[in-house]
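A.B. asks: My questions will all concern the structure given below.
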Amino acid sequence: MSALLDALRTALGAGRVSDAAADRSRYETGWRYGKGEAMAVVWPSSPEQVATCLRICGEHGARVQPIGANTGLVGASNPDASGEQVVVSLERLNRIVEIDPVDRVAVVEGGVLLSQLNEELAPLGLMFPIDLGADPQVGGMVVTNTGGTRLLRYGDVRRNLIGVEVALPDGTLAGRLHRLRKNNTGLDFAQLFVGTSGRYGIVTRAVVQLAPRPRQTASALVAASDGTAALDLLRGLESSTGEFLTAFEVIGREALEITLRRGANLRPPFQGELPDYAVLVELSSTLDRDRLDLESLLEETLVAHAEDDPREGLVDVLVGRGEDFWSIRHQITESLREEGKVLAFDLSVPRSRLAEFSDEMRARLARSHPFVRFCDYGHWGDGGTHLNLVWDPAVVDGDPERLWGELRELVYTTCVEDFDGSFSAEHGVGPHNQMWYERFVAAPVQAVASLLAEHFDPAGMLRRRG
Ligand code: MLT
Ligand code: ZN
């Protein structure tokens, strides 16, 4: 170990390598899941230095755990329990190399924060359109394939990634930082790294596609009498305002009730009883308000939809106050966590089956685990639902691990097997979902992924243990 640290210090400088417990501990606990122990931590500040770290670690037979902003939700960004991994922190790899408004791309280092990039882009009337509550680094977003709340309009990272440069376990830098939106010359190298939890290499630079920043947005919170009414609304909005529809987020009654009670500075939006589902709708446009009044368009569309709906599924329509509505949306996760023990799921099913899935899941859980509160919310516009099961640990006897196992078994088999859904819609696989990956992902897909891991990382430098 001391020969390894000496070699890393010679390459990076003494201040960029540490095995002190105080330095390591910052990286050892995941934001939601994952707790491990690191051997040392290094802070490279250029792509070449990242590659050099990997080369040196390879020469010394050491395994590596890359870490970005530590905002991942599947335990994939922290060291395993072995105490044998060198943590490669990307926080110093944080330069915005170039922004090109004509190519409409940014070339950024892997450790650039989403907020940092968007602050730089705002004066140019541009944005990197992935939107979420957390503030991840771009490299982490690539290997997670981050989705977020505006995927409906702009797509996920996969759709907004043009090129990458990657430090590979053999200590080389590979990839191409091209700006070609059209390039049918064979396999897309950049896409090989998307959504792979960093298993094949560390993203050192990326070329990402930018979107024009909207000049106006209009928001509404709509009370829907049930999930079917929410889906009818989605269909109606897509047919009448499709090119402007940016977000379609749904919050179930229990999640809304807990968030309004526990969240900070939230005003109850609806008079009287909460609806089964609240739908946060956002339209946006690059057109100025004097050319198109988006708020009026949204209001008129919603009112017409409510009047024409034979099921009378829209109970209330509130237009405006976008900040208030997004504030509710972004405080759900933390509010549920304050309420009790939470088992959170990141699921997707075909959009047409979202309401049916919720009803069926709720009924099955009520029969098998009646003490669990069914809190669902999420990105219904793209089929995503973050089912959170919340319970009071004081009223549950028995082994918590066993309970977790039972709940996960029930929810995942219902979602994947009965509803043709996904056990990880946007958070990735990671250690948290590894056993479900092995069970539910088709064998030929797993075989190709293993071949790629063998190709890029034959010694298993980036492989986790446990
Ligand atoms: C969200 O959409 O709020 C998050 O992806 C959910 C979560 O943190 O589990
Ligand atoms: Zn989400």
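Letters A, B, ... mark the chains of the structure tokens in the order given; residue numbers begin at 1 per chain; ligand numbers begin at 1, in order shown.
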Give me the residues near range 96-106 of chain A as a list in words, where near means some atom within 10 Å (using only C-alpha atoms) and where sequence neighbours in that chain fewer than 4 positions away do not count.

C.D. replies: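 Everything that qualifies: Gly110, Gly111, Val112, Leu113, Gln116, Leu117, Glu120, Leu121, Leu124, Gly125, Leu126, Met127, Phe128, Asn160, Leu161, Ile162, Arg179, Leu180, Arg181, Arg205, Ala206, Val207, Val208, Gln209, Leu210, Ala211 and Pro212 of chain A.
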
A.B. asks: Check which residues fall inside 9 Å of ligand 1 when counting only C-alpha atoms and all ligand atoms, and print them as a ChimeraX atom specification.

C.D. replies: /A:32,73,132-134,147-149,249,329-334,344-346,377-379,384-388,426-427

A.B. asks: Restricting the output to N, CA and C atoms, write the selected residues as a tab-separated table (two decimals), in the first residue's frame.

C.D. replies:
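Saved the output as part_7.tsv:
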```tsv
chain	number	residue	atom	x	y	z
A	32	ARG	N	-28.13	7.86	-0.05
A	32	ARG	CA	-29.28	7.09	0.43
A	32	ARG	C	-28.87	5.71	0.90
A	73	LEU	N	-28.50	7.24	-5.94
A	73	LEU	CA	-29.52	6.68	-5.05
A	73	LEU	C	-29.52	5.16	-5.03
A	132	LEU	N	-33.43	18.09	-12.02
A	132	LEU	CA	-33.76	17.26	-10.86
A	132	LEU	C	-33.45	18.01	-9.58
A	133	GLY	N	-33.94	17.46	-8.47
A	133	GLY	CA	-33.76	18.13	-7.19
A	133	GLY	C	-32.30	18.18	-6.76
A	134	ALA	N	-31.52	17.14	-7.05
A	134	ALA	CA	-30.13	17.07	-6.61
A	134	ALA	C	-29.21	17.82	-7.57
A	147	GLY	N	-32.52	10.97	-15.36
A	147	GLY	CA	-33.77	11.33	-16.04
A	147	GLY	C	-34.29	12.67	-15.52
A	148	GLY	N	-35.06	12.62	-14.44
A	148	GLY	CA	-35.55	13.86	-13.83
A	148	GLY	C	-36.93	14.26	-14.30
A	149	THR	N	-37.29	15.49	-13.96
A	149	THR	CA	-38.69	15.89	-14.11
A	149	THR	C	-39.05	16.42	-15.50
A	249	GLU	N	-46.05	15.73	-13.66
A	249	GLU	CA	-45.65	15.06	-12.42
A	249	GLU	C	-46.89	14.79	-11.59
A	329	ARG	N	-43.33	19.61	-4.88
A	329	ARG	CA	-42.79	18.43	-5.58
A	329	ARG	C	-41.40	18.06	-5.07
A	330	HIS	N	-40.55	19.09	-4.88
A	330	HIS	CA	-39.17	18.79	-4.52
A	330	HIS	C	-38.99	18.46	-3.04
A	331	GLN	N	-40.04	18.61	-2.24
A	331	GLN	CA	-39.89	18.28	-0.82
A	331	GLN	C	-40.52	16.93	-0.45
A	332	ILE	N	-40.99	16.19	-1.45
A	332	ILE	CA	-41.69	14.94	-1.12
A	332	ILE	C	-40.74	13.93	-0.46
A	333	THR	N	-39.62	13.68	-1.12
A	333	THR	CA	-38.72	12.61	-0.63
A	333	THR	C	-38.33	12.83	0.82
A	334	GLU	N	-37.87	14.05	1.12
A	334	GLU	CA	-37.39	14.31	2.49
A	334	GLU	C	-38.55	14.26	3.47
A	344	ALA	N	-38.16	2.98	-0.64
A	344	ALA	CA	-38.46	3.77	-1.85
A	344	ALA	C	-38.20	2.94	-3.09
A	345	PHE	N	-39.09	3.04	-4.05
A	345	PHE	CA	-38.93	2.34	-5.32
A	345	PHE	C	-38.88	3.36	-6.46
A	346	ASP	N	-38.14	2.98	-7.47
A	346	ASP	CA	-37.97	3.83	-8.66
A	346	ASP	C	-38.41	2.97	-9.85
A	377	TYR	N	-45.75	8.84	-6.11
A	377	TYR	CA	-45.58	10.12	-6.81
A	377	TYR	C	-44.58	9.86	-7.92
A	378	GLY	N	-44.46	10.79	-8.83
A	378	GLY	CA	-43.42	10.60	-9.83
A	378	GLY	C	-43.74	11.13	-11.20
A	379	HIS	N	-42.92	10.64	-12.13
A	379	HIS	CA	-42.87	11.22	-13.46
A	379	HIS	C	-43.82	10.46	-14.38
A	384	GLY	N	-42.88	6.88	-15.15
A	384	GLY	CA	-42.12	6.65	-13.91
A	384	GLY	C	-42.98	6.85	-12.67
A	385	THR	N	-42.83	5.94	-11.71
A	385	THR	CA	-43.53	6.14	-10.45
A	385	THR	C	-42.60	5.78	-9.30
A	386	HIS	N	-42.46	6.73	-8.38
A	386	HIS	CA	-41.63	6.50	-7.19
A	386	HIS	C	-42.53	6.05	-6.07
A	387	LEU	N	-42.83	4.77	-6.09
A	387	LEU	CA	-43.64	4.25	-4.99
A	387	LEU	C	-42.79	4.24	-3.72
A	388	ASN	N	-43.28	4.91	-2.69
A	388	ASN	CA	-42.60	4.88	-1.38
A	388	ASN	C	-43.52	4.22	-0.39
A	426	GLU	N	-34.88	5.18	-13.34
A	426	GLU	CA	-33.95	6.28	-13.61
A	426	GLU	C	-32.80	6.38	-12.62
A	427	HIS	N	-32.80	5.59	-11.56
A	427	HIS	CA	-31.73	5.72	-10.56
A	427	HIS	C	-30.54	4.80	-10.83
```

A.B. asks: From a backbone DSSP assignment, name each residue in range 278-400 of chain A labelled alpha helix (DSSP H), as number ranges by chain.

C.D. replies: A: 294-308, 322-330, 332-339, 354-368, 400

A.B. asks: Could you write those residues out with N, CA and C atoms, as a compact mmCIF listing (two decimals), in the first residue's frame?

C.D. replies:
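Output file selection-v2.txt is given in full below:
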```txt
# COMPACT_ATOMS: atom_id res chain seq x y z
N LEU A 294 -48.69 31.75 -22.63
CA LEU A 294 -48.72 30.32 -22.29
C LEU A 294 -49.65 30.04 -21.12
N GLU A 295 -49.70 30.97 -20.17
CA GLU A 295 -50.54 30.73 -19.00
C GLU A 295 -52.03 30.69 -19.39
N SER A 296 -52.41 31.61 -20.29
CA SER A 296 -53.81 31.57 -20.75
C SER A 296 -54.07 30.30 -21.53
N LEU A 297 -53.10 29.92 -22.36
CA LEU A 297 -53.27 28.68 -23.13
C LEU A 297 -53.47 27.50 -22.19
N LEU A 298 -52.66 27.44 -21.14
CA LEU A 298 -52.76 26.33 -20.19
C LEU A 298 -54.12 26.34 -19.49
N GLU A 299 -54.50 27.53 -19.03
CA GLU A 299 -55.77 27.63 -18.31
C GLU A 299 -56.94 27.22 -19.20
N GLU A 300 -56.95 27.77 -20.42
CA GLU A 300 -58.06 27.44 -21.34
C GLU A 300 -58.09 25.95 -21.66
N THR A 301 -56.90 25.38 -21.86
CA THR A 301 -56.83 23.96 -22.20
C THR A 301 -57.36 23.10 -21.05
N LEU A 302 -56.96 23.46 -19.83
CA LEU A 302 -57.38 22.67 -18.67
C LEU A 302 -58.89 22.79 -18.43
N VAL A 303 -59.39 24.01 -18.58
CA VAL A 303 -60.83 24.22 -18.36
C VAL A 303 -61.62 23.44 -19.42
N ALA A 304 -61.16 23.53 -20.68
CA ALA A 304 -61.87 22.81 -21.75
C ALA A 304 -61.82 21.31 -21.48
N HIS A 305 -60.67 20.83 -21.04
CA HIS A 305 -60.54 19.39 -20.77
C HIS A 305 -61.52 18.99 -19.65
N ALA A 306 -61.57 19.81 -18.60
CA ALA A 306 -62.47 19.49 -17.47
C ALA A 306 -63.92 19.46 -17.93
N GLU A 307 -64.28 20.44 -18.79
CA GLU A 307 -65.68 20.50 -19.25
C GLU A 307 -66.05 19.34 -20.16
N ASP A 308 -65.06 18.91 -20.96
CA ASP A 308 -65.35 17.85 -21.95
C ASP A 308 -65.22 16.45 -21.38
N GLY A 322 -46.12 28.59 -10.01
CA GLY A 322 -45.24 27.47 -10.34
C GLY A 322 -44.24 27.18 -9.23
N GLU A 323 -43.68 28.24 -8.66
CA GLU A 323 -42.66 28.01 -7.62
C GLU A 323 -43.22 27.24 -6.45
N ASP A 324 -44.45 27.62 -6.04
CA ASP A 324 -45.08 26.93 -4.91
C ASP A 324 -45.28 25.45 -5.25
N PHE A 325 -45.73 25.18 -6.45
CA PHE A 325 -46.03 23.79 -6.82
C PHE A 325 -44.74 22.96 -6.90
N TRP A 326 -43.69 23.55 -7.49
CA TRP A 326 -42.42 22.81 -7.59
C TRP A 326 -41.81 22.62 -6.21
N SER A 327 -42.06 23.58 -5.34
CA SER A 327 -41.52 23.44 -3.98
C SER A 327 -42.16 22.23 -3.29
N ILE A 328 -43.45 22.04 -3.49
CA ILE A 328 -44.10 20.83 -2.95
C ILE A 328 -43.45 19.60 -3.57
N ARG A 329 -43.33 19.61 -4.88
CA ARG A 329 -42.79 18.43 -5.58
C ARG A 329 -41.40 18.06 -5.07
N HIS A 330 -40.55 19.09 -4.88
CA HIS A 330 -39.17 18.79 -4.52
C HIS A 330 -38.99 18.46 -3.04
N ILE A 332 -40.99 16.19 -1.45
CA ILE A 332 -41.69 14.94 -1.12
C ILE A 332 -40.74 13.93 -0.46
N THR A 333 -39.62 13.68 -1.12
CA THR A 333 -38.72 12.61 -0.63
C THR A 333 -38.33 12.83 0.82
N GLU A 334 -37.87 14.05 1.12
CA GLU A 334 -37.39 14.31 2.49
C GLU A 334 -38.55 14.26 3.47
N SER A 335 -39.72 14.74 3.07
CA SER A 335 -40.87 14.73 3.98
C SER A 335 -41.26 13.30 4.35
N LEU A 336 -41.25 12.41 3.36
CA LEU A 336 -41.61 11.02 3.64
C LEU A 336 -40.61 10.40 4.60
N ARG A 337 -39.36 10.76 4.42
CA ARG A 337 -38.31 10.23 5.29
C ARG A 337 -38.51 10.66 6.74
N GLU A 338 -39.02 11.86 6.93
CA GLU A 338 -39.27 12.34 8.29
C GLU A 338 -40.46 11.63 8.93
N GLU A 339 -41.32 11.10 8.09
CA GLU A 339 -42.57 10.52 8.59
C GLU A 339 -42.38 9.15 9.24
N LEU A 354 -50.28 2.89 -15.72
CA LEU A 354 -49.87 3.48 -14.44
C LEU A 354 -50.98 3.44 -13.39
N ALA A 355 -52.18 3.82 -13.80
CA ALA A 355 -53.28 3.88 -12.83
C ALA A 355 -53.63 2.47 -12.34
N GLU A 356 -53.69 1.56 -13.32
CA GLU A 356 -54.01 0.16 -12.99
C GLU A 356 -52.93 -0.41 -12.07
N PHE A 357 -51.67 -0.10 -12.36
CA PHE A 357 -50.57 -0.60 -11.52
C PHE A 357 -50.71 -0.09 -10.08
N SER A 358 -50.98 1.21 -9.95
CA SER A 358 -51.11 1.78 -8.59
C SER A 358 -52.25 1.10 -7.84
N ASP A 359 -53.38 0.94 -8.50
CA ASP A 359 -54.54 0.34 -7.82
C ASP A 359 -54.23 -1.10 -7.40
N GLU A 360 -53.63 -1.82 -8.32
CA GLU A 360 -53.34 -3.23 -8.03
C GLU A 360 -52.29 -3.37 -6.92
N MET A 361 -51.27 -2.54 -7.00
CA MET A 361 -50.20 -2.59 -6.01
C MET A 361 -50.73 -2.23 -4.63
N ARG A 362 -51.55 -1.20 -4.61
CA ARG A 362 -52.15 -0.75 -3.34
C ARG A 362 -52.99 -1.89 -2.74
N ALA A 363 -53.78 -2.55 -3.59
CA ALA A 363 -54.65 -3.62 -3.08
C ALA A 363 -53.81 -4.80 -2.57
N ARG A 364 -52.77 -5.17 -3.33
CA ARG A 364 -51.95 -6.31 -2.88
C ARG A 364 -51.25 -6.00 -1.56
N LEU A 365 -50.75 -4.77 -1.44
CA LEU A 365 -50.05 -4.41 -0.19
C LEU A 365 -51.02 -4.31 0.98
N ALA A 366 -52.23 -3.84 0.72
CA ALA A 366 -53.21 -3.73 1.80
C ALA A 366 -53.54 -5.12 2.35
N ARG A 367 -53.53 -6.10 1.46
CA ARG A 367 -53.82 -7.47 1.91
C ARG A 367 -52.63 -8.05 2.67
N SER A 368 -51.40 -7.84 2.15
CA SER A 368 -50.25 -8.54 2.73
C SER A 368 -49.59 -7.77 3.88
N PRO A 400 -36.56 -6.46 10.51
CA PRO A 400 -36.75 -5.44 9.47
C PRO A 400 -36.20 -5.88 8.11
```

A.B. asks: So that I can check the surroundings of range 41-43 of chain A, please list as number ranges by chain every protein, DNA and RNA residue that reaches within 9 Å of it, counting only C-alpha atoms and ignoring chain neighbours fewer than 5 positions away.

C.D. replies: A: 8-9, 12, 15-20, 23-24, 27, 49-50, 53, 85-93

A.B. asks: For the residues in that selection, give me N, CA and C atoms as a PDB file, in the first residue's frame.

C.D. replies:
```pdb
ATOM      1  N   LEU A   8       1.298   7.321  -6.366  1.00  0.00           N
ATOM      2  CA  LEU A   8       0.209   8.282  -6.632  1.00  0.00           C
ATOM      3  C   LEU A   8       0.642   9.692  -6.241  1.00  0.00           C
ATOM      4  N   ARG A   9       1.367   9.812  -5.118  1.00  0.00           N
ATOM      5  CA  ARG A   9       1.825  11.148  -4.682  1.00  0.00           C
ATOM      6  C   ARG A   9       2.831  11.723  -5.682  1.00  0.00           C
ATOM      7  N   LEU A  12       0.577  12.859  -8.701  1.00  0.00           N
ATOM      8  CA  LEU A  12      -0.446  13.909  -8.535  1.00  0.00           C
ATOM      9  C   LEU A  12       0.024  15.070  -7.654  1.00  0.00           C
ATOM     10  N   GLY A  15      -0.357  16.673  -1.883  1.00  0.00           N
ATOM     11  CA  GLY A  15      -1.631  17.150  -1.336  1.00  0.00           C
ATOM     12  C   GLY A  15      -2.858  16.545  -1.997  1.00  0.00           C
ATOM     13  N   ARG A  16      -2.668  15.781  -3.059  1.00  0.00           N
ATOM     14  CA  ARG A  16      -3.808  15.218  -3.814  1.00  0.00           C
ATOM     15  C   ARG A  16      -4.049  13.741  -3.519  1.00  0.00           C
ATOM     16  N   VAL A  17      -3.358  13.249  -2.487  1.00  0.00           N
ATOM     17  CA  VAL A  17      -3.502  11.843  -2.119  1.00  0.00           C
ATOM     18  C   VAL A  17      -3.569  11.786  -0.603  1.00  0.00           C
ATOM     19  N   SER A  18      -4.538  11.074  -0.067  1.00  0.00           N
ATOM     20  CA  SER A  18      -4.603  10.983   1.394  1.00  0.00           C
ATOM     21  C   SER A  18      -5.150   9.631   1.825  1.00  0.00           C
ATOM     22  N   ASP A  19      -4.576   9.126   2.909  1.00  0.00           N
ATOM     23  CA  ASP A  19      -5.169   7.940   3.522  1.00  0.00           C
ATOM     24  C   ASP A  19      -5.659   8.266   4.929  1.00  0.00           C
ATOM     25  N   ALA A  20      -5.767   9.552   5.226  1.00  0.00           N
ATOM     26  CA  ALA A  20      -6.235   9.959   6.568  1.00  0.00           C
ATOM     27  C   ALA A  20      -7.725   9.648   6.704  1.00  0.00           C
ATOM     28  N   ASP A  23     -10.215  12.371   5.759  1.00  0.00           N
ATOM     29  CA  ASP A  23     -10.421  12.599   4.319  1.00  0.00           C
ATOM     30  C   ASP A  23     -11.246  11.476   3.702  1.00  0.00           C
ATOM     31  N   ARG A  24     -10.959  10.252   4.119  1.00  0.00           N
ATOM     32  CA  ARG A  24     -11.667   9.105   3.522  1.00  0.00           C
ATOM     33  C   ARG A  24     -13.148   9.110   3.889  1.00  0.00           C
ATOM     34  N   TYR A  27     -16.266  10.240   1.872  1.00  0.00           N
ATOM     35  CA  TYR A  27     -16.705   9.523   0.668  1.00  0.00           C
ATOM     36  C   TYR A  27     -17.284   8.145   0.974  1.00  0.00           C
ATOM     37  N   GLN A  49      -4.569  12.992 -15.508  1.00  0.00           N
ATOM     38  CA  GLN A  49      -4.281  12.530 -14.136  1.00  0.00           C
ATOM     39  C   GLN A  49      -5.220  11.401 -13.716  1.00  0.00           C
ATOM     40  N   VAL A  50      -6.472  11.461 -14.175  1.00  0.00           N
ATOM     41  CA  VAL A  50      -7.396  10.357 -13.842  1.00  0.00           C
ATOM     42  C   VAL A  50      -6.844   9.067 -14.450  1.00  0.00           C
ATOM     43  N   CYS A  53      -3.897   7.795 -12.553  1.00  0.00           N
ATOM     44  CA  CYS A  53      -4.308   7.117 -11.302  1.00  0.00           C
ATOM     45  C   CYS A  53      -4.691   5.676 -11.596  1.00  0.00           C
ATOM     46  N   GLN A  85     -10.193  -0.255  -1.629  1.00  0.00           N
ATOM     47  CA  GLN A  85     -10.340   0.558  -2.854  1.00  0.00           C
ATOM     48  C   GLN A  85      -9.759   1.962  -2.684  1.00  0.00           C
ATOM     49  N   VAL A  86      -9.202   2.435  -3.771  1.00  0.00           N
ATOM     50  CA  VAL A  86      -8.769   3.836  -3.817  1.00  0.00           C
ATOM     51  C   VAL A  86      -9.946   4.633  -4.372  1.00  0.00           C
ATOM     52  N   VAL A  87     -10.410   5.607  -3.613  1.00  0.00           N
ATOM     53  CA  VAL A  87     -11.502   6.462  -4.093  1.00  0.00           C
ATOM     54  C   VAL A  87     -10.914   7.546  -4.993  1.00  0.00           C
ATOM     55  N   VAL A  88     -11.427   7.636  -6.208  1.00  0.00           N
ATOM     56  CA  VAL A  88     -11.008   8.705  -7.125  1.00  0.00           C
ATOM     57  C   VAL A  88     -12.120   9.744  -7.125  1.00  0.00           C
ATOM     58  N   SER A  89     -11.866  10.839  -6.434  1.00  0.00           N
ATOM     59  CA  SER A  89     -12.860  11.914  -6.386  1.00  0.00           C
ATOM     60  C   SER A  89     -12.678  12.811  -7.602  1.00  0.00           C
ATOM     61  N   LEU A  90     -13.798  13.155  -8.227  1.00  0.00           N
ATOM     62  CA  LEU A  90     -13.710  13.947  -9.469  1.00  0.00           C
ATOM     63  C   LEU A  90     -13.984  15.428  -9.224  1.00  0.00           C
ATOM     64  N   GLU A  91     -13.982  15.842  -7.954  1.00  0.00           N
ATOM     65  CA  GLU A  91     -14.412  17.227  -7.709  1.00  0.00           C
ATOM     66  C   GLU A  91     -13.459  18.291  -8.265  1.00  0.00           C
ATOM     67  N   ARG A  92     -12.184  17.920  -8.508  1.00  0.00           N
ATOM     68  CA  ARG A  92     -11.266  18.916  -9.087  1.00  0.00           C
ATOM     69  C   ARG A  92     -11.265  18.878 -10.618  1.00  0.00           C
ATOM     70  N   LEU A  93     -11.990  17.930 -11.145  1.00  0.00           N
ATOM     71  CA  LEU A  93     -12.065  17.816 -12.615  1.00  0.00           C
ATOM     72  C   LEU A  93     -13.287  18.619 -13.063  1.00  0.00           C
TER      73      LEU A  93
END
```

A.B. asks: With only C-alpha atoms as the counted atoms, please give the residues lying no more than 12 Å from Asp276 in chain A, apart from itself and same-chain residues fewer than 3 positions off, as a compact mmCIF listing (two decimals) with N, CA and C atoms, in the first residue's frame.

C.D. replies:
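The file below, selection_39.txt, is the result:
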```
# COMPACT_ATOMS: atom_id res chain seq x y z
N VAL A 222 -53.33 20.36 -10.72
CA VAL A 222 -54.68 19.91 -11.04
C VAL A 222 -55.05 18.79 -10.09
N ALA A 223 -56.25 18.87 -9.52
CA ALA A 223 -56.73 17.79 -8.66
C ALA A 223 -57.47 16.78 -9.52
N ALA A 224 -56.97 15.55 -9.52
CA ALA A 224 -57.60 14.49 -10.34
C ALA A 224 -58.27 13.49 -9.41
N SER A 225 -59.45 13.03 -9.83
CA SER A 225 -60.22 12.17 -8.92
C SER A 225 -59.61 10.77 -8.80
N ASP A 226 -58.84 10.34 -9.78
CA ASP A 226 -58.15 9.05 -9.69
C ASP A 226 -57.04 9.01 -10.75
N GLY A 227 -56.34 7.89 -10.78
CA GLY A 227 -55.21 7.77 -11.71
C GLY A 227 -55.64 7.82 -13.16
N THR A 228 -56.82 7.25 -13.45
CA THR A 228 -57.30 7.26 -14.84
C THR A 228 -57.53 8.69 -15.30
N ALA A 229 -58.07 9.52 -14.41
CA ALA A 229 -58.29 10.94 -14.77
C ALA A 229 -56.95 11.62 -15.06
N ALA A 230 -55.93 11.27 -14.30
CA ALA A 230 -54.61 11.86 -14.55
C ALA A 230 -54.10 11.44 -15.93
N VAL A 250 -46.96 13.60 -11.03
CA VAL A 250 -48.16 13.22 -10.29
C VAL A 250 -47.81 12.95 -8.82
N ILE A 251 -48.68 13.40 -7.92
CA ILE A 251 -48.45 13.17 -6.48
C ILE A 251 -49.71 12.55 -5.89
N GLY A 252 -49.59 11.35 -5.35
CA GLY A 252 -50.72 10.68 -4.71
C GLY A 252 -51.10 11.35 -3.40
N ARG A 253 -52.33 11.07 -2.98
CA ARG A 253 -52.90 11.76 -1.81
C ARG A 253 -52.03 11.64 -0.54
N GLU A 254 -51.56 10.43 -0.25
CA GLU A 254 -50.82 10.26 1.01
C GLU A 254 -49.49 11.01 0.95
N ALA A 255 -48.81 10.93 -0.18
CA ALA A 255 -47.53 11.63 -0.32
C ALA A 255 -47.75 13.13 -0.20
N LEU A 256 -48.85 13.61 -0.78
CA LEU A 256 -49.15 15.04 -0.73
C LEU A 256 -49.47 15.48 0.71
N GLU A 257 -50.26 14.67 1.38
CA GLU A 257 -50.65 15.02 2.75
C GLU A 257 -49.41 15.12 3.65
N GLU A 273 -60.80 18.77 0.97
CA GLU A 273 -60.12 17.48 0.95
C GLU A 273 -59.06 17.39 -0.13
N VAL A 279 -51.76 16.70 -9.99
CA VAL A 279 -50.90 16.64 -11.18
C VAL A 279 -50.26 18.01 -11.38
N GLY A 313 -63.31 13.93 -14.24
CA GLY A 313 -62.17 13.49 -13.43
C GLY A 313 -61.32 14.63 -12.86
N LEU A 314 -61.50 15.87 -13.36
CA LEU A 314 -60.70 16.96 -12.81
C LEU A 314 -61.54 17.71 -11.78
N VAL A 315 -61.07 17.71 -10.55
CA VAL A 315 -61.86 18.24 -9.46
C VAL A 315 -61.54 19.72 -9.22
N ASP A 316 -60.30 20.08 -9.47
CA ASP A 316 -59.88 21.46 -9.23
C ASP A 316 -58.70 21.77 -10.15
N ALA A 355 -52.18 3.82 -13.80
CA ALA A 355 -53.28 3.88 -12.83
C ALA A 355 -53.63 2.47 -12.34
N SER A 358 -50.98 1.21 -9.95
CA SER A 358 -51.11 1.78 -8.59
C SER A 358 -52.25 1.10 -7.84
N ASP A 359 -53.38 0.94 -8.50
CA ASP A 359 -54.54 0.34 -7.82
C ASP A 359 -54.23 -1.10 -7.40
N PHE A 374 -49.13 3.70 1.54
CA PHE A 374 -48.82 3.67 0.12
C PHE A 374 -48.67 5.11 -0.38
N CYS A 375 -47.43 5.54 -0.56
CA CYS A 375 -47.19 6.94 -0.99
C CYS A 375 -46.58 6.89 -2.39
N ASP A 376 -47.35 7.26 -3.37
CA ASP A 376 -46.80 7.23 -4.73
C ASP A 376 -46.76 8.63 -5.33
N TYR A 377 -45.75 8.84 -6.11
CA TYR A 377 -45.58 10.12 -6.81
C TYR A 377 -44.58 9.86 -7.92
```

A.B. asks: Between A:Gly263, A:Pro370, A:Gly320, A:Gly381, which one has atoms that come closest to Pro350 in chain A, using only C-alpha atoms?

C.D. replies: A:Gly381

A.B. asks: Please provide the set of residues having any atom within 8 Å of Phe189 in chain A, restricted to only C-alpha atoms, with same-chain residues fewer than 4 positions apart removed, written as a PyMOL selection string.

C.D. replies: chain A and resi 163-164+175+193

A.B. asks: With distances taken over only C-alpha atoms, which residue among A:Thr413, A:Glu37, A:Leu177, A:Arg153 lies nearest Thr241 in chain A?

C.D. replies: A:Arg153

A.B. asks: As a PyMOL selection string, please: the residues near Met1 in chain A (cut-off 10 Å, only C-alpha atoms, same-chain neighbours under 3 positions excluded).

C.D. replies: chain A and resi 4-7+39-40+60-62+84

A.B. asks: For Leu233 in chain A, which residue out of A:Val349, A:Val317, A:Val395, A:Leu462 is the nearest one, using only C-alpha atoms?

C.D. replies: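 For Leu233 in chain A, the nearest of the candidates is A:Val317.
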
A.B. asks: From a backbone DSSP assignment, name each residue in range 268-466 of chain A labelled strand (DSSP E), as an NGL selection string.

C.D. replies: :A and (277-285 or 314-319 or 341-344 or 347-348 or 373-375 or 377-378 or 384-385 or 388-391)

A.B. asks: Using only C-alpha atoms, which residues sit within 6 Å of Trp391 in chain A once same-chain residues fewer than 3 positions away are excluded, as a list in words?

C.D. replies: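 Near neighbours after the sequence-gap exclusion: Gly340, Lys341 and Val372 of chain A.
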
A.B. asks: Could you turn the residues from that selection into a file that holds N, CA, C and O atoms, as a PDB file, in the first residue's frame?

C.D. replies:
```
ATOM      1  N   GLY A 340     -41.417   8.389   8.759  1.00  0.00           N
ATOM      2  CA  GLY A 340     -41.231   7.046   9.317  1.00  0.00           C
ATOM      3  C   GLY A 340     -40.200   6.289   8.531  1.00  0.00           C
ATOM      4  O   GLY A 340     -39.369   6.874   7.837  1.00  0.00           O
ATOM      5  N   LYS A 341     -40.256   4.989   8.643  1.00  0.00           N
ATOM      6  CA  LYS A 341     -39.349   4.130   7.879  1.00  0.00           C
ATOM      7  C   LYS A 341     -39.842   4.148   6.431  1.00  0.00           C
ATOM      8  O   LYS A 341     -41.056   4.065   6.189  1.00  0.00           O
ATOM      9  N   VAL A 372     -48.517  -0.714   6.138  1.00  0.00           N
ATOM     10  CA  VAL A 372     -47.682   0.105   5.254  1.00  0.00           C
ATOM     11  C   VAL A 372     -48.527   1.174   4.577  1.00  0.00           C
ATOM     12  O   VAL A 372     -49.618   0.896   4.092  1.00  0.00           O
TER      13      VAL A 372
END
```

A.B. asks: What separation in Å, quoted to one decimal, exists between CA of Val319 in chain A and CA of Leu221 in chain A?

C.D. replies: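 Going from CA of Val319 in chain A over to CA of Leu221 in chain A, I get 6.5 Å.
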